[in-house]
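**Q** Got a structure here, written out as structure tokens. Questions coming.
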Amino acid sequence: MKEISCKLLVIGAGPGGYVCAIRAGQLGIDTVIVEFGKPGGTCLNVGCIPSKALIHAAEEFEKISHMAGGKSPLGISIGTASIDLETTIAWKDGIVSRLNSGVAGLLKKAGVKTVHGWAKFRDGKTVEVQTETGMQVVRAETVVIATGSAPVELPSLPFGGPVISSTEALGLSEVPERLAVVGGGYIGLELGIAFAKMGAKVTVVEALPRVLAQYDAELTRPVVKRLAELGIEVLVGAKAKGLSTKGDALLVETKDGKNGKIVADRILVTVGRKPVVEDWGLEQIDLDMAGKFIRIDDQCRTSMRGIFAVGDVTGEPMLAHRAMAQGEMVAEIVAGHKRGWDKRCIPAICFTDPELVTAGLSPEEAKGLGGDIKVGSFPFAANGRAMTKMGEEGFVRIVARADNHLVLGIQAVGHGVSELSTAFGLALEMGARLEDIAGTIHSHPTQGEGFQEAALKALGHALHI
């Protein structure tokens, strides 16, 4: 049994873990990172990156399919369109592999030692790692838990056979003829839309009264409209009950209490994610929990001295960029820097068609603070660049205090609005007022002009509507 000692041990090489380790290495901290799988975690290997690759391929195929039908308003026509999903997946895997190598290279460049295997706590300073070559013991002054999350499995629909999670969906070798999606949140709709564009007959089953319930109805309306255009059937207020005896259909109970079945080749279950808190010796260190998550303070410290936790294992929002920011902060705290978690907003993106972006407070959330608010909205139907991209659907919306015009929240729905999220986050972090955004010269023609126009609208003098 081999033993090594270090100042900082990071468990998990996902976005939070590898960023923490890299920054620690840059600061001269003797760092070891332990990872069972490939570097990059869920986000890089079976989440953010591969799903966006599949979404892009689906978008391109849909464009070509319209051209093949001779219905393109651009005047472009081609022969019959087809997609070889196996080739698409190989292309996606190539991107993931390059990024895996990139993360591994960055860790090495920062002087971080990587141990491949499954870590299990002995005590608050020591872990055992079962590697291919035997047991490795790592002793550390400080430990960072970054074990991430995993898909939630329904008792009535355990994963296996035709029932798949997002992980398996991103590795299919052919497009299913009929796909049932259980869960109308962002993961289910992102993948459901992608497969519908590639030719699958998609049905979405959502237990709540509407899909994308975490967003307000005004923001999601263009997405719901697009689902209908794509031929995606949406059953809201419906419950998935299980698999049919033959395994070829999903049994459902509709909102009127009737039982039915949805014939499907694959059943994609996307009802959320859960923190990975089992099988790595949590019981040996007895951390305080916040429900199913590890409880942390504003410096990501747990209830045990010398143990930090970052990322999905610490709760919502379960986003890679939150984990990265936490990981960087923790590394600097370990290095003796004065840091704290004072983020004003963490932008969130839903890569549906059209895309959704939220940063800060929604109008309803802002009203809940008390006091009057101003809301300005600008439609992409009045934006020249959106028109030239055939992306007139959607809008940008700004929420601000009525008294001093401090911006409290920014939302957008539309083609490609994910790229506006950085500007939204920056405005909120910098404490922008409506006049700051309205007075900033925005490049023309861009969709970003909608941001400026929304601020002008809130001030009462929009120029282009």
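The way I read the labels, and the way they are meant: chains A, B, ... in the order of the structure tokens, residue 1 as the first residue of every chain, and ligand 1 as the first ligand shown, with later ones counted on from there.
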If you count only C-alpha atoms, which residues fall within 7 Å of Gly16 (chain A), apart from same-chain ones fewer than 5 positions away, as a PDB file with C-alpha atoms, in the first residue's frame?

**A**
```pdb
ATOM      1  CA  ALA A 146     -16.188  17.975  -5.586  1.00  0.00           C
ATOM      2  CA  VAL A 310     -17.880  22.831  -4.126  1.00  0.00           C
ATOM      3  CA  GLY A 311     -20.238  22.285  -7.046  1.00  0.00           C
ATOM      4  CA  ALA A 323     -18.730  25.125  -9.441  1.00  0.00           C
ATOM      5  CA  MET A 324     -15.784  26.704 -11.277  1.00  0.00           C
ATOM      6  CA  GLN A 326     -16.374  28.145  -6.087  1.00  0.00           C
ATOM      7  CA  GLY A 327     -13.334  26.020  -6.908  1.00  0.00           C
TER       8      GLY A 327
END
```

**Q** Considering only C-alpha atoms, return as a list of chain:residue names whatever protein or nucleic-acid residues lie within 7 Å of Thr446 (chain A), sequence-local ones (same chain, fewer than 3 positions apart) excluded.

**A** A:Arg385, A:Ser443, A:Glu449

**Q** Write to file, as a CSV table (one decimal), in the first residue's frame, the residues of the selection just made, with C-alpha atoms.

**A**
```
chain,number,residue,atom,x,y,z
A,385,ARG,CA,-29.8,41.1,-37.1
A,443,SER,CA,-22.7,47.5,-32.1
A,449,GLU,CA,-28.9,45.9,-29.4
```

**Q** So that I can check the surroundings of Ser303 (chain A), please list as a compact mmCIF listing (two decimals) with C-alpha atoms, in the first residue's frame every protein, DNA and RNA residue that reaches within 8 Å of it, counting only C-alpha atoms and ignoring chain neighbours fewer than 4 positions away.

**A**
```txt
# COMPACT_ATOMS: atom_id res chain seq x y z
CA LEU A 287 -20.54 16.33 7.81
CA ASP A 288 -23.60 18.48 8.45
CA ARG A 295 -23.98 22.22 3.95
CA ILE A 296 -21.42 24.97 3.29
CA ILE A 307 -12.84 20.23 4.57
```

**Q** Extract, using only C-alpha atoms, all DNA, RNA and protein residues at most 6 Å from region 406-413 of chain A, discarding same-chain residues fewer than 3 positions from it, and format them as a list in words.

**A**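 Near region 406-413 of chain A, the qualifying residues are Glu355, Leu356, Val357, Thr358, Ala359, Gly360, Leu361, Ser362, Gly394, Phe395, Val396, Arg397, Ile398, Val399, Ala400, Arg401, Ala432 and Arg433 of chain A.
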
**Q** List the neighbours of region 214-230 of chain A out to 12 Å using only C-alpha atoms; skip same-chain residues closer than 6 positions along the sequence, and give me the result as number ranges by chain.

**A** A: 59, 62, 184-186, 189-190, 192-204, 208, 236, 317, 348-359, 361-365, 377, 379-380, 391-397, 410-415

**Q** Write a file of the selected residues as a compact mmCIF listing (two decimals), in the first residue's frame, keeping C-alpha atoms.

**A**
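The resulting file, part32.txt, is shown below:
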```
# COMPACT_ATOMS: atom_id res chain seq x y z
CA GLU A 59 -29.96 22.26 -35.77
CA GLU A 62 -33.05 20.57 -39.57
CA GLY A 184 -40.18 18.77 -19.02
CA GLY A 185 -37.25 20.62 -17.48
CA TYR A 186 -34.28 21.99 -19.36
CA LEU A 189 -36.52 19.65 -23.56
CA GLU A 190 -32.98 20.28 -24.82
CA GLY A 192 -36.20 16.14 -26.83
CA ILE A 193 -35.99 19.05 -29.28
CA ALA A 194 -32.68 17.78 -30.66
CA PHE A 195 -34.06 14.29 -31.37
CA ALA A 196 -37.25 15.74 -32.85
CA LYS A 197 -35.15 17.76 -35.29
CA MET A 198 -33.31 14.58 -36.25
CA GLY A 199 -36.58 12.84 -37.08
CA ALA A 200 -37.85 11.21 -33.88
CA LYS A 201 -41.49 11.38 -32.89
CA VAL A 202 -41.18 12.91 -29.41
CA THR A 203 -43.67 13.00 -26.55
CA VAL A 204 -42.89 14.91 -23.34
CA LEU A 208 -46.40 19.97 -13.33
CA VAL A 236 -48.66 18.39 -18.72
CA PRO A 317 -27.99 26.01 -8.78
CA ALA A 348 -28.52 30.22 -16.22
CA ILE A 349 -29.08 29.09 -19.80
CA CYS A 350 -31.53 26.64 -21.29
CA PHE A 351 -30.30 25.51 -24.73
CA THR A 352 -33.75 24.83 -26.13
CA ASP A 353 -35.03 26.27 -29.42
CA PRO A 354 -35.22 29.19 -28.88
CA GLU A 355 -32.67 29.54 -26.09
CA LEU A 356 -33.47 30.99 -22.66
CA VAL A 357 -31.20 33.11 -20.44
CA THR A 358 -31.89 34.35 -16.92
CA ALA A 359 -29.66 36.49 -14.71
CA LEU A 361 -34.41 38.42 -10.46
CA SER A 362 -37.53 37.86 -12.54
CA PRO A 363 -40.27 40.54 -12.43
CA GLU A 364 -42.24 38.52 -9.86
CA GLU A 365 -39.18 37.95 -7.68
CA SER A 377 -38.89 44.45 -22.96
CA PRO A 379 -38.80 42.05 -29.21
CA PHE A 380 -36.35 40.49 -31.64
CA GLY A 391 -34.58 34.45 -35.48
CA GLU A 392 -37.31 37.00 -34.88
CA GLU A 393 -38.96 34.97 -32.11
CA GLY A 394 -38.29 36.17 -28.57
CA PHE A 395 -37.22 39.26 -26.65
CA VAL A 396 -34.84 40.81 -24.09
CA ARG A 397 -36.32 41.97 -20.77
CA ILE A 410 -32.23 40.44 -17.06
CA GLN A 411 -33.88 37.71 -19.12
CA ALA A 412 -33.96 36.80 -22.79
CA VAL A 413 -35.47 34.20 -25.07
CA GLY A 414 -34.43 33.86 -28.68
CA HIS A 415 -32.05 32.36 -31.20
```

**Q** From the DSSP assignment of the backbone, select every residue of region 299-350 of chain A that is alpha helix (DSSP H), and format the answer as a PDB file with N, CA and C atoms, in the first residue's frame.

**A**
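Generated output (part17.pdb):
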```pdb
ATOM      1  N   ALA A 320     -22.184  24.296 -13.939  1.00  0.00           N
ATOM      2  CA  ALA A 320     -20.731  24.147 -14.019  1.00  0.00           C
ATOM      3  C   ALA A 320     -20.011  25.442 -13.679  1.00  0.00           C
ATOM      4  N   HIS A 321     -20.538  26.582 -14.154  1.00  0.00           N
ATOM      5  CA  HIS A 321     -19.833  27.846 -13.917  1.00  0.00           C
ATOM      6  C   HIS A 321     -19.890  28.267 -12.451  1.00  0.00           C
ATOM      7  N   ARG A 322     -20.935  27.858 -11.727  1.00  0.00           N
ATOM      8  CA  ARG A 322     -20.955  28.092 -10.276  1.00  0.00           C
ATOM      9  C   ARG A 322     -19.857  27.266  -9.612  1.00  0.00           C
ATOM     10  N   ALA A 323     -19.750  25.997 -10.015  1.00  0.00           N
ATOM     11  CA  ALA A 323     -18.730  25.125  -9.441  1.00  0.00           C
ATOM     12  C   ALA A 323     -17.322  25.665  -9.707  1.00  0.00           C
ATOM     13  N   MET A 324     -17.094  26.152 -10.924  1.00  0.00           N
ATOM     14  CA  MET A 324     -15.784  26.704 -11.277  1.00  0.00           C
ATOM     15  C   MET A 324     -15.428  27.900 -10.394  1.00  0.00           C
ATOM     16  N   ALA A 325     -16.397  28.806 -10.224  1.00  0.00           N
ATOM     17  CA  ALA A 325     -16.152  29.995  -9.406  1.00  0.00           C
ATOM     18  C   ALA A 325     -15.876  29.608  -7.958  1.00  0.00           C
ATOM     19  N   GLN A 326     -16.613  28.617  -7.450  1.00  0.00           N
ATOM     20  CA  GLN A 326     -16.374  28.145  -6.087  1.00  0.00           C
ATOM     21  C   GLN A 326     -14.985  27.513  -5.961  1.00  0.00           C
ATOM     22  N   GLY A 327     -14.629  26.691  -6.943  1.00  0.00           N
ATOM     23  CA  GLY A 327     -13.334  26.020  -6.908  1.00  0.00           C
ATOM     24  C   GLY A 327     -12.175  26.995  -6.902  1.00  0.00           C
ATOM     25  N   GLU A 328     -12.256  28.019  -7.738  1.00  0.00           N
ATOM     26  CA  GLU A 328     -11.205  29.041  -7.786  1.00  0.00           C
ATOM     27  C   GLU A 328     -11.101  29.761  -6.445  1.00  0.00           C
ATOM     28  N   MET A 329     -12.260  30.117  -5.881  1.00  0.00           N
ATOM     29  CA  MET A 329     -12.271  30.814  -4.597  1.00  0.00           C
ATOM     30  C   MET A 329     -11.625  29.976  -3.496  1.00  0.00           C
ATOM     31  N   VAL A 330     -11.986  28.707  -3.415  1.00  0.00           N
ATOM     32  CA  VAL A 330     -11.454  27.844  -2.368  1.00  0.00           C
ATOM     33  C   VAL A 330      -9.936  27.716  -2.478  1.00  0.00           C
ATOM     34  N   ALA A 331      -9.429  27.568  -3.690  1.00  0.00           N
ATOM     35  CA  ALA A 331      -7.973  27.467  -3.871  1.00  0.00           C
ATOM     36  C   ALA A 331      -7.277  28.706  -3.316  1.00  0.00           C
ATOM     37  N   GLU A 332      -7.858  29.865  -3.556  1.00  0.00           N
ATOM     38  CA  GLU A 332      -7.242  31.106  -3.079  1.00  0.00           C
ATOM     39  C   GLU A 332      -7.363  31.242  -1.568  1.00  0.00           C
ATOM     40  N   ILE A 333      -8.463  30.745  -0.987  1.00  0.00           N
ATOM     41  CA  ILE A 333      -8.597  30.751   0.473  1.00  0.00           C
ATOM     42  C   ILE A 333      -7.527  29.857   1.107  1.00  0.00           C
ATOM     43  N   VAL A 334      -7.315  28.678   0.519  1.00  0.00           N
ATOM     44  CA  VAL A 334      -6.295  27.751   1.027  1.00  0.00           C
ATOM     45  C   VAL A 334      -4.909  28.389   0.930  1.00  0.00           C
TER      46      VAL A 334
END
```

**Q** Pull the closest atom pair for each residue of region 46-130 of chain A that gets at most 7 Å from region 163-170 of chain A, along with the distance in Å to one decimal, counting only C-alpha atoms, ordering rows by chain and then ascending residue number, as CSV.

**A**
```
residue,atom,partner,partner_atom,distance
A:Val46,CA,A:Thr167,CA,5.4
A:Pro50,CA,A:Leu170,CA,6.9
A:Ser51,CA,A:Leu170,CA,6.6
```

**Q** Taking N, CA and C atoms for each residue, export the selection above as a JSON list (two decimals), in the first residue's frame.

**A**
```
[["chain", "number", "residue", "atom", "x", "y", "z"],
["A", 46, "VAL", "N", -20.45, 13.84, -20.17],
["A", 46, "VAL", "CA", -21.80, 13.36, -20.47],
["A", 46, "VAL", "C", -22.85, 14.43, -20.19],
["A", 50, "PRO", "N", -21.11, 17.51, -24.61],
["A", 50, "PRO", "CA", -21.67, 16.60, -25.61],
["A", 50, "PRO", "C", -23.12, 16.93, -25.97],
["A", 51, "SER", "N", -23.90, 17.43, -25.02],
["A", 51, "SER", "CA", -25.29, 17.77, -25.35],
["A", 51, "SER", "C", -25.34, 18.94, -26.32]]
```

**Q** What separation in Å, quoted to one decimal, exists between CA of Lys125 (chain A) and CA of Gly291 (chain A)?

**A** 24.3 Å

**Q** Just checking: using only C-alpha atoms, which residue out of A:Gly231, A:Gly448, A:Met318, A:Ile4 ends up closest to Glu419 (chain A)?

**A** A:Gly448
